[in-house]
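Shown here: upload-v9.txt, compact mmCIF, C-alpha atoms.
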```txt
# COMPACT_ATOMS: atom_id res chain seq x y z
CA MET G 147 7.92 -44.38 -30.18
CA HIS G 148 10.67 -41.99 -29.04
CA VAL G 149 13.29 -41.34 -31.71
CA LEU G 150 16.63 -39.83 -30.71
CA LEU G 151 18.58 -38.24 -33.56
CA ILE G 152 22.31 -37.51 -33.22
CA ASN G 153 24.28 -35.07 -35.37
CA SER G 154 27.88 -36.29 -35.57
CA PRO G 155 30.72 -33.78 -35.10
CA VAL G 156 32.60 -32.32 -38.06
CA ARG G 157 35.77 -30.17 -37.95
CA LEU G 158 35.99 -29.60 -34.23
CA ASP G 159 38.75 -27.03 -34.78
CA ALA G 160 36.29 -24.67 -36.51
CA LYS G 161 33.11 -22.96 -35.36
CA PRO G 162 29.87 -24.85 -36.07
CA ASN G 163 28.08 -22.76 -38.68
CA CYS G 164 25.92 -25.06 -40.78
CA ILE G 165 22.78 -26.57 -39.27
CA PRO G 166 22.21 -30.31 -39.88
CA TYR G 167 19.55 -29.45 -42.43
CA GLY G 168 18.68 -32.97 -43.55
CA LEU G 169 18.52 -34.31 -40.01
CA ALA G 170 16.27 -31.40 -39.02
CA THR G 171 13.85 -32.10 -41.88
CA VAL G 172 13.81 -35.79 -40.93
CA ALA G 173 12.93 -34.75 -37.38
CA ALA G 174 10.13 -32.52 -38.63
CA GLU G 175 8.67 -35.28 -40.83
CA LEU G 176 8.77 -37.80 -37.98
CA ARG G 177 6.93 -35.41 -35.66
CA LEU G 178 4.28 -34.72 -38.32
CA ASN G 179 3.71 -38.46 -38.43
CA GLY G 180 3.16 -38.79 -34.70
CA PHE G 181 6.58 -39.79 -33.39
CA GLU G 182 8.26 -38.20 -30.38
CA VAL G 183 11.63 -36.79 -31.46
CA SER G 184 14.64 -35.33 -29.69
CA LEU G 185 17.94 -34.27 -31.21
CA LEU G 186 21.44 -34.26 -29.74
CA ASP G 187 23.62 -31.93 -31.81
CA VAL G 188 27.11 -33.08 -30.87
CA ASN G 189 28.59 -30.95 -33.64
CA ALA G 190 27.10 -27.67 -32.43
CA LEU G 191 27.60 -28.32 -28.71
CA ARG G 192 31.21 -29.44 -29.22
CA LEU G 193 30.82 -32.22 -26.69
CA THR G 194 33.72 -34.44 -25.71
CA ARG G 195 33.14 -38.16 -25.95
CA ASP G 196 32.70 -38.39 -22.19
CA GLN G 197 30.13 -35.58 -22.36
CA VAL G 198 28.29 -37.38 -25.17
CA LEU G 199 27.99 -40.51 -23.02
CA ALA G 200 26.86 -38.46 -20.03
CA ARG G 201 24.11 -36.84 -22.13
CA LEU G 202 22.99 -40.22 -23.45
CA ARG G 203 22.73 -41.66 -19.94
CA GLN G 204 20.22 -38.91 -19.11
CA THR G 205 17.71 -39.91 -21.78
CA THR G 206 15.91 -42.92 -23.19
CA TRP G 207 14.94 -43.87 -26.71
CA ASP G 208 13.23 -46.60 -28.70
CA LEU G 209 15.24 -45.91 -31.84
CA VAL G 210 18.37 -43.83 -32.34
CA GLY G 211 19.41 -42.34 -35.66
CA VAL G 212 22.98 -41.17 -36.23
CA SER G 213 23.74 -38.94 -39.21
CA GLY G 214 26.96 -37.78 -40.76
CA LEU G 215 29.25 -37.46 -43.76
CA ILE G 216 31.96 -39.98 -44.61
CA THR G 217 34.30 -37.92 -42.41
CA THR G 218 32.34 -38.94 -39.30
CA PHE G 219 33.25 -42.61 -39.63
CA ALA G 220 35.64 -42.61 -36.67
CA PHE G 221 33.01 -41.02 -34.43
CA GLN G 222 30.26 -43.44 -35.48
CA ARG G 223 32.60 -46.37 -35.15
CA TRP G 224 33.14 -45.30 -31.53
CA LEU G 225 29.54 -44.30 -30.76
CA VAL G 226 27.43 -47.15 -32.14
CA PRO G 227 28.80 -49.84 -29.76
CA HIS G 228 28.11 -47.52 -26.80
CA LEU G 229 24.54 -46.96 -27.99
CA LYS G 230 24.00 -50.70 -28.27
CA ALA G 231 25.43 -51.32 -24.80
CA MET G 232 23.24 -48.62 -23.24
CA ASN G 233 20.02 -49.79 -24.87
CA PRO G 234 20.40 -53.26 -26.43
CA SER G 235 16.76 -53.55 -27.49
CA ALA G 236 16.66 -50.25 -29.40
CA LYS G 237 17.42 -50.21 -33.10
CA ILE G 238 20.41 -48.15 -34.23
CA VAL G 239 20.10 -46.45 -37.61
CA SER G 240 22.77 -44.57 -39.55
CA GLY G 241 21.93 -42.18 -42.38
CA GLY G 242 23.55 -39.55 -44.56
CA GLY G 243 26.64 -39.69 -46.72
CA LEU G 244 28.55 -42.26 -44.67
CA ALA G 245 25.68 -44.75 -44.51
CA THR G 246 24.87 -44.26 -48.19
CA THR G 247 28.37 -44.88 -49.53
CA SER G 248 29.92 -47.15 -46.91
CA SER G 249 27.14 -48.95 -45.05
CA GLN G 250 28.88 -52.31 -45.46
CA LEU G 251 31.87 -50.91 -43.60
CA LEU G 252 29.63 -49.71 -40.77
CA PHE G 253 27.90 -53.08 -40.56
CA ALA G 254 31.28 -54.84 -40.46
CA GLN G 255 32.87 -52.52 -37.89
CA THR G 256 29.92 -51.77 -35.57
CA PRO G 257 26.71 -53.40 -34.25
CA LEU G 258 24.65 -51.12 -36.50
CA ASP G 259 21.14 -52.44 -37.15
CA ILE G 260 19.93 -50.40 -40.14
CA ALA G 261 21.39 -48.05 -42.75
CA VAL G 262 19.29 -45.49 -44.61
CA ILE G 263 20.51 -45.21 -48.19
CA GLY G 264 19.91 -41.81 -49.83
CA GLU G 265 17.19 -39.34 -48.84
CA GLY G 266 16.01 -39.87 -45.30
CA GLU G 267 12.66 -38.15 -44.74
CA ARG G 268 10.26 -40.72 -46.19
CA THR G 269 12.54 -43.66 -45.50
CA MET G 270 12.83 -42.87 -41.78
CA THR G 271 9.08 -42.33 -41.51
CA ALA G 272 8.36 -45.66 -43.21
CA LEU G 273 11.00 -47.39 -41.10
CA CYS G 274 9.64 -46.09 -37.81
CA ARG G 275 6.11 -47.06 -38.80
CA ALA G 276 7.24 -50.59 -39.64
CA LEU G 277 9.10 -50.98 -36.36
CA ALA G 278 6.21 -49.52 -34.32
CA ARG G 279 3.78 -51.96 -35.92
CA GLY G 280 6.11 -54.94 -35.83
CA GLY G 281 6.09 -55.13 -39.63
CA SER G 282 8.72 -56.52 -41.97
CA LEU G 283 11.64 -54.28 -42.85
CA ASP G 284 11.77 -55.92 -46.29
CA ALA G 285 8.84 -53.67 -47.22
CA VAL G 286 10.76 -50.47 -46.41
CA ASP G 287 12.47 -49.16 -49.53
CA GLY G 288 15.85 -47.46 -49.27
CA ILE G 289 17.51 -49.32 -46.41
CA ALA G 290 19.89 -52.15 -45.60
CA PHE G 291 19.41 -54.04 -42.35
CA ARG G 292 20.99 -56.78 -40.32
CA HIS G 293 18.97 -60.01 -40.35
CA GLU G 294 20.06 -63.40 -39.02
CA GLY G 295 23.73 -62.56 -39.22
CA ARG G 296 23.59 -61.11 -42.73
CA VAL G 297 22.99 -57.66 -44.18
CA ARG G 298 19.92 -57.51 -46.37
CA PRO G 299 19.31 -54.56 -48.76
CA THR G 300 15.81 -53.54 -49.81
CA ARG G 301 14.75 -51.89 -53.04
CA PRO G 302 16.19 -48.41 -53.70
CA ARG G 303 13.79 -45.62 -52.79
CA THR G 304 12.74 -43.19 -55.50
CA ASN G 305 13.87 -39.64 -54.76
CA ILE G 306 11.20 -37.19 -53.64
CA ALA G 307 9.98 -35.44 -56.78
CA ASP G 308 8.37 -32.41 -55.14
CA LEU G 309 10.66 -30.98 -52.47
CA ASP G 310 7.91 -28.61 -51.33
CA GLU G 311 6.23 -31.64 -49.76
CA ILE G 312 9.05 -31.99 -47.21
CA ALA G 313 8.48 -30.28 -43.88
CA LEU G 314 10.64 -27.29 -43.03
CA PRO G 315 13.42 -28.06 -40.52
CA ALA G 316 12.57 -28.59 -36.86
CA TRP G 317 14.49 -25.48 -35.80
CA ASP G 318 13.21 -25.74 -32.23
CA LEU G 319 15.22 -28.94 -31.74
CA LEU G 320 18.50 -27.22 -32.70
CA PRO G 321 20.77 -24.92 -30.67
CA MET G 322 20.00 -22.09 -33.09
CA GLU G 323 21.89 -19.36 -31.25
CA ILE G 324 25.13 -21.27 -31.72
CA TYR G 325 24.63 -21.47 -35.47
CA LEU G 326 23.26 -17.94 -35.85
CA GLY G 327 26.20 -16.42 -34.01
CA ASN G 328 28.97 -18.31 -35.82
CA THR G 329 29.03 -16.21 -38.94
CA ILE G 330 31.79 -17.21 -41.36
CA TRP G 331 30.51 -15.42 -44.43
CA GLY G 332 32.03 -12.00 -44.03
CA ASN G 333 33.08 -9.05 -41.96
CA ALA G 334 31.57 -10.20 -38.67
CA ALA G 335 33.79 -13.28 -38.67
CA GLY G 336 36.93 -11.23 -39.08
CA ASN G 337 37.53 -12.63 -42.56
CA SER G 338 39.10 -10.72 -45.39
CA SER G 339 35.86 -11.18 -47.25
CA GLY G 340 36.04 -8.53 -49.92
CA PHE G 341 32.45 -7.51 -49.10
CA ARG G 342 31.37 -3.96 -49.68
CA PRO G 343 31.94 -1.78 -46.59
CA ASP G 344 28.18 -1.45 -46.15
CA VAL G 345 27.69 -5.21 -45.76
CA LYS G 346 27.66 -6.15 -42.08
CA ILE G 347 26.65 -9.63 -40.94
CA SER G 348 25.87 -10.61 -37.37
CA ARG G 349 23.38 -13.50 -37.57
CA SER G 350 23.60 -15.98 -40.42
CA MET G 351 21.62 -19.11 -41.22
CA ASN G 352 21.94 -21.72 -43.94
CA VAL G 353 19.17 -22.92 -46.25
CA VAL G 354 18.99 -25.65 -48.89
CA SER G 355 16.90 -24.72 -51.94
CA SER G 356 17.72 -27.71 -54.16
CA ARG G 357 19.06 -31.23 -54.06
CA GLY G 358 21.69 -32.73 -56.29
CA CYS G 359 23.72 -31.24 -59.12
CA PRO G 360 23.38 -31.69 -62.89
CA CYS G 361 27.15 -31.87 -63.35
CA ASN G 362 29.54 -34.80 -63.07
CA CYS G 363 32.82 -33.54 -61.66
CA ARG G 364 34.86 -36.64 -60.93
CA TYR G 365 35.88 -35.66 -57.41
CA CYS G 366 32.39 -34.70 -56.21
CA TYR G 367 30.05 -36.92 -54.21
CA HIS G 368 26.30 -36.81 -54.96
CA LEU G 369 24.15 -38.12 -52.11
CA PHE G 370 20.99 -37.79 -54.22
CA GLY G 371 22.38 -39.22 -57.45
CA ARG G 372 23.68 -37.46 -60.53
CA SER G 373 20.44 -37.68 -62.47
CA SER G 374 18.11 -36.26 -59.81
CA TYR G 375 18.50 -32.49 -59.65
CA ARG G 376 15.46 -30.84 -58.07
CA PHE G 377 14.58 -27.35 -56.80
CA ARG G 378 12.04 -26.34 -54.22
CA SER G 379 9.67 -23.74 -55.62
CA PRO G 380 10.89 -20.11 -55.29
CA GLY G 381 7.90 -19.22 -53.11
CA HIS G 382 8.54 -22.13 -50.75
CA VAL G 383 12.15 -21.05 -50.27
CA LEU G 384 11.09 -17.44 -49.73
CA THR G 385 8.69 -18.56 -46.98
CA GLU G 386 11.58 -20.16 -45.13
CA VAL G 387 13.83 -17.11 -45.57
CA GLU G 388 11.09 -14.82 -44.30
CA TYR G 389 10.57 -17.00 -41.22
CA LEU G 390 14.29 -17.07 -40.40
CA VAL G 391 14.48 -13.29 -40.65
CA GLU G 392 11.38 -12.66 -38.54
CA ALA G 393 11.78 -15.44 -35.95
CA PHE G 394 15.55 -15.40 -35.45
CA GLY G 395 16.72 -12.03 -36.75
CA ALA G 396 18.87 -13.59 -39.47
CA ASP G 397 20.54 -10.90 -41.56
CA PHE G 398 22.38 -13.27 -43.91
CA ILE G 399 21.15 -16.45 -45.59
CA GLY G 400 23.75 -18.83 -46.95
CA PHE G 401 22.31 -21.15 -49.60
CA VAL G 402 24.43 -24.27 -49.29
CA ASP G 403 23.11 -26.10 -52.36
CA ASP G 404 25.73 -27.63 -54.62
CA ASN G 405 24.71 -25.31 -57.45
CA MET G 406 21.96 -22.77 -56.81
CA MET G 407 22.65 -20.98 -60.12
CA ALA G 408 21.99 -23.96 -62.39
CA ASP G 409 18.43 -22.93 -63.37
CA ARG G 410 18.48 -19.31 -64.52
CA LYS G 411 14.69 -19.04 -64.79
CA TRP G 412 14.23 -20.32 -61.23
CA LEU G 413 16.89 -17.96 -59.92
CA ARG G 414 15.40 -14.94 -61.67
CA THR G 415 11.97 -15.70 -60.20
CA PHE G 416 13.41 -16.13 -56.73
CA CYS G 417 15.23 -12.80 -56.99
CA ASP G 418 12.00 -11.10 -58.12
CA LEU G 419 10.20 -12.44 -55.04
CA LEU G 420 12.99 -11.27 -52.74
CA LEU G 421 12.95 -7.81 -54.30
CA ALA G 422 9.20 -7.56 -53.81
CA LYS G 423 9.42 -8.60 -50.14
CA LYS G 424 12.15 -6.07 -49.25
CA LEU G 425 13.42 -8.25 -46.41
CA PRO G 426 16.30 -6.82 -44.32
CA VAL G 427 18.65 -9.62 -45.35
CA VAL G 428 21.55 -10.29 -47.71
CA TRP G 429 22.56 -13.67 -49.01
CA GLY G 430 25.13 -15.86 -50.72
CA CYS G 431 25.19 -19.10 -52.68
CA HIS G 432 27.35 -21.51 -54.64
CA GLY G 433 27.37 -21.69 -58.42
CA ARG G 434 29.30 -22.79 -61.48
CA VAL G 435 31.35 -20.35 -63.50
CA THR G 436 29.36 -21.37 -66.59
CA SER G 437 26.24 -19.82 -65.02
CA ALA G 438 27.85 -16.50 -64.07
CA VAL G 439 26.55 -14.27 -66.87
CA PRO G 440 26.34 -10.49 -66.30
CA GLU G 441 22.54 -10.24 -66.60
CA ILE G 442 21.74 -12.74 -63.85
CA LEU G 443 24.57 -11.50 -61.60
CA VAL G 444 23.24 -7.93 -61.71
CA HIS G 445 19.76 -9.21 -60.86
CA MET G 446 21.14 -11.29 -57.97
CA ALA G 447 23.01 -8.28 -56.60
CA ALA G 448 19.87 -6.13 -56.76
CA ALA G 449 18.06 -8.83 -54.74
CA GLY G 450 20.70 -8.77 -52.01
CA CYS G 451 23.29 -11.34 -53.12
CA VAL G 452 26.73 -10.35 -51.81
CA TRP G 453 28.70 -13.62 -52.00
CA ILE G 454 29.04 -16.43 -54.57
CA GLY G 455 31.30 -19.43 -54.08
CA TYR G 456 32.90 -20.84 -57.22
CA GLY G 457 34.82 -24.10 -57.37
CA ILE G 458 37.52 -22.96 -59.79
CA GLU G 459 39.70 -25.96 -58.80
CA SER G 460 42.55 -25.28 -61.26
CA GLY G 461 43.95 -22.74 -63.68
CA SER G 462 45.18 -25.53 -65.95
CA PRO G 463 43.05 -26.68 -68.90
CA GLN G 464 44.64 -30.12 -68.58
CA MET G 465 43.57 -30.51 -64.95
CA LEU G 466 40.07 -29.14 -65.55
CA LYS G 467 39.60 -31.79 -68.22
CA ALA G 468 40.92 -34.53 -65.93
CA MET G 469 38.49 -33.42 -63.21
CA GLY G 470 35.51 -33.50 -65.58
CA LYS G 471 34.73 -29.84 -64.82
CA ARG G 472 33.16 -29.02 -68.20
CA ALA G 473 34.36 -25.44 -67.70
CA THR G 474 37.28 -23.52 -69.14
CA VAL G 475 39.90 -21.25 -67.65
CA ALA G 476 38.43 -18.38 -69.68
CA GLN G 477 34.96 -19.03 -68.24
CA ALA G 478 36.41 -19.01 -64.73
CA ARG G 479 38.15 -15.71 -65.41
CA ASP G 480 35.00 -14.15 -66.83
CA ALA G 481 32.89 -15.39 -63.91
CA ILE G 482 35.18 -13.78 -61.35
CA GLU G 483 35.37 -10.49 -63.24
CA ASN G 484 31.62 -10.34 -63.95
CA THR G 485 30.81 -11.14 -60.31
CA ARG G 486 33.04 -8.35 -59.08
CA ARG G 487 31.52 -5.87 -61.54
CA ALA G 488 28.06 -6.75 -60.20
CA GLY G 489 29.21 -5.84 -56.67
CA ILE G 490 29.26 -9.45 -55.44
CA PHE G 491 32.27 -11.04 -53.76
CA PRO G 492 33.51 -14.15 -55.66
CA ASN G 493 34.86 -16.69 -53.20
CA THR G 494 37.08 -19.20 -54.98
CA THR G 495 38.29 -22.69 -54.07
CA PHE G 496 41.03 -24.78 -55.66
CA ILE G 497 41.98 -28.45 -55.59
CA PHE G 498 45.65 -29.37 -55.41
CA GLY G 499 47.35 -32.68 -56.19
CA TYR G 500 44.78 -34.23 -58.52
CA PRO G 501 46.07 -37.24 -60.51
CA GLY G 502 48.19 -35.91 -63.37
CA GLU G 503 49.27 -32.74 -61.53
CA THR G 504 52.70 -31.47 -62.64
CA ARG G 505 54.82 -28.44 -61.95
CA ARG G 506 53.53 -26.94 -65.18
CA THR G 507 49.85 -27.35 -64.20
CA ILE G 508 50.62 -25.95 -60.74
CA GLN G 509 52.32 -22.93 -62.32
CA GLU G 510 49.29 -22.39 -64.57
CA THR G 511 47.09 -22.22 -61.47
CA ILE G 512 49.50 -19.80 -59.78
CA ASP G 513 49.52 -17.60 -62.88
CA PHE G 514 45.71 -17.67 -63.00
CA LYS G 515 45.41 -16.63 -59.35
CA ARG G 516 47.88 -13.79 -59.85
CA ARG G 517 46.09 -12.43 -62.91
CA LEU G 518 42.81 -12.34 -60.99
CA GLY G 519 44.30 -11.10 -57.73
CA LEU G 520 43.20 -14.21 -55.80
CA ASP G 521 44.72 -14.79 -52.39
CA CYS G 522 43.45 -18.15 -51.21
CA GLY G 523 44.65 -21.64 -50.36
CA SER G 524 43.62 -24.98 -51.79
CA PHE G 525 42.31 -28.36 -50.71
CA PHE G 526 44.20 -31.59 -51.28
CA ALA G 527 42.53 -33.77 -53.89
CA THR G 528 40.74 -36.46 -51.87
CA PRO G 529 39.02 -39.55 -53.30
CA TYR G 530 35.79 -39.84 -51.33
CA PRO G 531 33.92 -43.16 -51.56
CA GLY G 532 31.09 -42.93 -54.06
CA THR G 533 32.99 -40.65 -56.47
CA PRO G 534 34.51 -41.52 -59.86
CA LEU G 535 37.87 -40.36 -58.48
CA TYR G 536 37.64 -43.00 -55.75
CA GLU G 537 37.02 -45.72 -58.33
CA GLN G 538 39.98 -44.40 -60.34
CA VAL G 539 42.48 -44.62 -57.48
CA CYS G 540 41.03 -47.20 -55.07
CA HIS G 541 43.76 -49.66 -56.09
CA LYS G 542 46.16 -47.40 -54.18
CA ILE G 543 44.18 -47.79 -50.96
CA ALA G 544 45.46 -50.86 -49.14
CA ASP G 545 43.24 -50.53 -46.06
CA GLU G 546 39.79 -49.01 -46.70
CA THR G 547 38.95 -48.73 -43.01
CA ALA G 548 42.16 -46.88 -42.18
CA PHE G 549 41.77 -44.61 -45.20
CA ILE G 550 38.19 -43.60 -44.40
CA GLU G 551 39.13 -43.03 -40.78
CA SER G 552 41.96 -40.77 -41.97
CA LEU G 553 39.53 -38.49 -43.82
CA ASP G 554 38.82 -36.92 -40.44
CA ASP G 555 37.67 -33.31 -40.91
CA ALA G 556 37.78 -33.26 -44.74
CA THR G 557 40.66 -30.77 -44.88
CA ARG G 558 43.78 -32.76 -44.03
CA PHE G 559 46.09 -34.70 -46.31
CA SER G 560 45.01 -38.33 -46.68
CA ILE G 561 46.64 -39.78 -49.81
CA ASN G 562 49.18 -38.72 -52.43
CA LEU G 563 47.63 -39.09 -55.89
CA THR G 564 50.56 -37.56 -57.80
CA GLY G 565 54.05 -38.54 -58.94
CA PHE G 566 55.67 -36.25 -56.35
CA ASP G 567 56.95 -37.58 -53.07
CA ASP G 568 55.14 -36.29 -50.00
CA ASP G 569 57.72 -33.67 -49.03
CA GLU G 570 57.76 -32.20 -52.53
CA LEU G 571 53.97 -32.31 -52.67
CA PHE G 572 53.63 -30.28 -49.46
CA ALA G 573 56.22 -27.75 -50.65
CA LEU G 574 54.46 -27.31 -53.99
CA LYS G 575 51.08 -26.86 -52.30
CA ASP G 576 52.53 -24.18 -50.06
CA ALA G 577 53.93 -22.43 -53.14
CA GLN G 578 50.58 -22.54 -54.95
CA ASP G 579 48.71 -21.33 -51.87
CA HIS G 580 51.04 -18.32 -51.64
CA ASN G 581 51.33 -17.69 -55.42
CA GLN G 582 55.05 -18.46 -55.53
CA ASP G 583 56.54 -19.67 -58.82
CA VAL G 584 57.42 -23.35 -59.12
CA LEU G 585 59.05 -23.15 -62.56
```
Can I see the file as structure tokens?
Amino acid sequence: MHVLLINSPVRLDAKPNCIPYGLATVAAELRLNGFEVSLLDVNALRLTRDQVLARLRQTTWDLVGVSGLITTFAFQRWLVPHLKAMNPSAKIVSGGGLATTSSQLLFAQTPLDIAVIGEGERTMTALCRALARGGSLDAVDGIAFRHEGRVRPTRPRTNIADLDEIALPAWDLLPMEIYLGNTIWGNAAGNSSGFRPDVKISRSMNVVSSRGCPCNCRYCYHLFGRSSYRFRSPGHVLTEVEYLVEAFGADFIGFVDDNMMADRKWLRTFCDLLLAKKLPVVWGCHGRVTSAVPEILVHMAAAGCVWIGYGIESGSPQMLKAMGKRATVAQARDAIENTRRAGIFPNTTFIFGYPGETRRTIQETIDFKRRLGLDCGSFFATPYPGTPLYEQVCHKIADETAFIESLDDATRFSINLTGFDDDELFALKDAQDHNQDVL
């Protein structure tokens, strides 16, 4: 069986910098189990729709798997009918965030055959085996499939307990030079990164060391469930880092986990292993301000950490509580200051226009940014399907299809969740982004 995997495009106005990690591990698992696999990375290659169709006409497949976040709905809505027309007998599978949260919408809007719900490695392997043998799809956990005009869900699949059992990504199927060269982490990208002058980055690669997050921020989507936070072993992650450095000349590793700093013991062990290896590489990660204590930050810096991304989200205690952050303004302040003292650049993000936002809460965020010397913009609060925020405000969404299609590249305005009219909302966001008083 020949399986064609397609990585849907995201944010075509920005450089592709993050490999489709999950799709690449699915590809590796399928190959280990005897399936022929090819991968069309539309996101990296920046193909037009006509170019996508031209590429597809040059290949054949027995099953095609399309992956993407909720923001790829418009692309999949366009692509799936073309795939069915080109190869009517081949099954079309969608996986990832879109299929997990909104598979019913895909089934209603496209001739999709099967949706993979949640983690894809074992589910896709089991699915391909069943199809190759002519077996019943009812026995494949973790999917929904079209059968006799109806969509039939199977039992949920249990998350993979030991992430070390998953094959490392099939890097050879990806256009690695595109990803390696599109550094966005620091000086090489022309950013005002705040990195030390000695930190120079030319070839970066992203790695995932854990799945899930133990926290429950109301705006955040968890593909793997809120109760299933798992790390790969430190040694397993180090093996991957070492390979990327030696095989591809990576000089920066960006850990794109939701929260790499959640387990202090794990992080300390990983840093010890990195220190012992003395690899010519620096790295960055994402973490919560509640984990940013001086001791661990100093150890991370010694092991080569130069960048930590913190979702501060707001400088208002009222808004932090509404978001379910379980973090205080004081903890955010301390995290930024402690990170700087350790010689690590703290990258900060903010959310603007969350339900309950007022001029006073906006001013509190502006004051916070000023005190810390933060010069950064913010993202509009967006209710993504599958989040508590979506459930809170879904009554405001008259047309689900139109709303999800409007999510586009995950950065644009999609819905006003405040009491301000749109013009005032945009003006207030511009003021917060530029630290201009609103009171």
Quiz prompt | Of the listed residues G:Thr246, G:Ser552, G:Asn362, G:Ser462, that which approaches G:Ala290 most closely, counting all atoms listed in the file | solution =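 Looking at the shortest contact to G:Ala290, the residue is G:Thr246.
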Quiz item: Within 12 Å of (39.8, -49.6, -44.9), only C-alpha atoms: residues as number ranges by chain?
Solution: G: 219-220, 248, 250-252, 254-255, 531, 540-553
Taking C-alpha atoms for each residue, export the selection above as a JSON list (two decimals), in the coordinates of the input.
```json
[["chain", "number", "residue", "atom", "x", "y", "z"],
["G", 219, "PHE", "CA", 33.25, -42.61, -39.63],
["G", 220, "ALA", "CA", 35.64, -42.61, -36.67],
["G", 248, "SER", "CA", 29.92, -47.15, -46.91],
["G", 250, "GLN", "CA", 28.88, -52.31, -45.46],
["G", 251, "LEU", "CA", 31.87, -50.91, -43.60],
["G", 252, "LEU", "CA", 29.63, -49.71, -40.77],
["G", 254, "ALA", "CA", 31.28, -54.84, -40.46],
["G", 255, "GLN", "CA", 32.87, -52.52, -37.89],
["G", 531, "PRO", "CA", 33.92, -43.16, -51.56],
["G", 540, "CYS", "CA", 41.03, -47.20, -55.07],
["G", 541, "HIS", "CA", 43.76, -49.66, -56.09],
["G", 542, "LYS", "CA", 46.16, -47.40, -54.18],
["G", 543, "ILE", "CA", 44.18, -47.79, -50.96],
["G", 544, "ALA", "CA", 45.46, -50.86, -49.14],
["G", 545, "ASP", "CA", 43.24, -50.53, -46.06],
["G", 546, "GLU", "CA", 39.79, -49.01, -46.70],
["G", 547, "THR", "CA", 38.95, -48.73, -43.01],
["G", 548, "ALA", "CA", 42.16, -46.88, -42.18],
["G", 549, "PHE", "CA", 41.77, -44.61, -45.20],
["G", 550, "ILE", "CA", 38.19, -43.60, -44.40],
["G", 551, "GLU", "CA", 39.13, -43.03, -40.78],
["G", 552, "SER", "CA", 41.96, -40.77, -41.97],
["G", 553, "LEU", "CA", 39.53, -38.49, -43.82]]
```
For G:Pro302: contacts at 8 Å, all atoms listed in the file, fewer than 2 positions along chain excluded, given as a PDB file with C-alpha atoms, keeping the file's coordinate frame:
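Generated output (selection-v7.pdb):
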```pdb
ATOM      1  CA  ILE G 263      20.510 -45.210 -48.190  1.00  0.00           C
ATOM      2  CA  ASP G 287      12.470 -49.160 -49.530  1.00  0.00           C
ATOM      3  CA  GLY G 288      15.850 -47.460 -49.270  1.00  0.00           C
ATOM      4  CA  ILE G 289      17.510 -49.320 -46.410  1.00  0.00           C
ATOM      5  CA  THR G 300      15.810 -53.540 -49.810  1.00  0.00           C
ATOM      6  CA  THR G 304      12.740 -43.190 -55.500  1.00  0.00           C
TER       7      THR G 304
END
```
Quiz item: Within 7 Å of G:Val226, counting only C-alpha atoms, which residues qualify if same-chain residues fewer than 2 places away don't, as a list in words?
Solution: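 Listed by chain and then number, they are Gln222, Arg223, Trp224, His228, Leu229, Lys230, Thr256, Pro257 and Leu258 of chain G.
Residue nearest G:Leu520 within the list G:Leu585, G:Ile458, G:Met469, G:Leu199: G:Ile458 [criterion: smallest interatomic distance, only C-alpha atoms].
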Quiz item: Do you know which residues are at most 6 Å from stretch 352-358 of chain G counting all atoms listed in the file, after dropping those on the same chain fewer than 6 positions away, and could you put them as a list of chain:residue names?
Solution: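 These residues fall inside the cut-off: G:Phe370, G:Tyr375, G:Arg376, G:Phe377, G:Arg378, G:Ile399, G:Gly400, G:Phe401, G:Val402, G:Asp403.
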Keeping C-alpha atoms for every residue in the selection just given, could you write it to a file as a CSV table (one decimal), keeping the file's coordinate frame?
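Just written: selection_26.csv:
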```
chain,number,residue,atom,x,y,z
G,370,PHE,CA,21.0,-37.8,-54.2
G,375,TYR,CA,18.5,-32.5,-59.6
G,376,ARG,CA,15.5,-30.8,-58.1
G,377,PHE,CA,14.6,-27.4,-56.8
G,378,ARG,CA,12.0,-26.3,-54.2
G,399,ILE,CA,21.2,-16.4,-45.6
G,400,GLY,CA,23.8,-18.8,-47.0
G,401,PHE,CA,22.3,-21.2,-49.6
G,402,VAL,CA,24.4,-24.3,-49.3
G,403,ASP,CA,23.1,-26.1,-52.4
```
Quiz item: Leaving out G:Ser282 and any residue of its chain fewer than 4 positions from it, which residues lie within 12 Å of it when counting only C-alpha atoms, given as a VMD selection string?
Solution: chain G and resid 272 to 278 286 to 287 291 293 300
Restricting the output to C-alpha atoms, write the selected residues as an mmCIF file, in the coordinates of the input.
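Done, and the output landed in part_15.cif:
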```cif
data_model
loop_
_atom_site.group_PDB
_atom_site.id
_atom_site.type_symbol
_atom_site.label_atom_id
_atom_site.label_comp_id
_atom_site.auth_asym_id
_atom_site.auth_seq_id
_atom_site.Cartn_x
_atom_site.Cartn_y
_atom_site.Cartn_z
ATOM 1 C CA ALA G 272 8.360 -45.660 -43.210
ATOM 2 C CA LEU G 273 11.000 -47.390 -41.100
ATOM 3 C CA CYS G 274 9.640 -46.090 -37.810
ATOM 4 C CA ARG G 275 6.110 -47.060 -38.800
ATOM 5 C CA ALA G 276 7.240 -50.590 -39.640
ATOM 6 C CA LEU G 277 9.100 -50.980 -36.360
ATOM 7 C CA ALA G 278 6.210 -49.520 -34.320
ATOM 8 C CA VAL G 286 10.760 -50.470 -46.410
ATOM 9 C CA ASP G 287 12.470 -49.160 -49.530
ATOM 10 C CA PHE G 291 19.410 -54.040 -42.350
ATOM 11 C CA HIS G 293 18.970 -60.010 -40.350
ATOM 12 C CA THR G 300 15.810 -53.540 -49.810
#
```
Quiz prompt | Distance of atom CA of G:Ile260 from atom CA of G:Leu202, expressed in Å to one decimal place | solution = 19.8 Å
Quiz item: Which residues, written as a ChimeraX atom specification, have at least one atom at most 12 Å from G:Arg506, with only C-alpha atoms counted and residues fewer than 6 positions away on the same chain left out?
Solution: /G:460-465,512-513,574,578,583-585
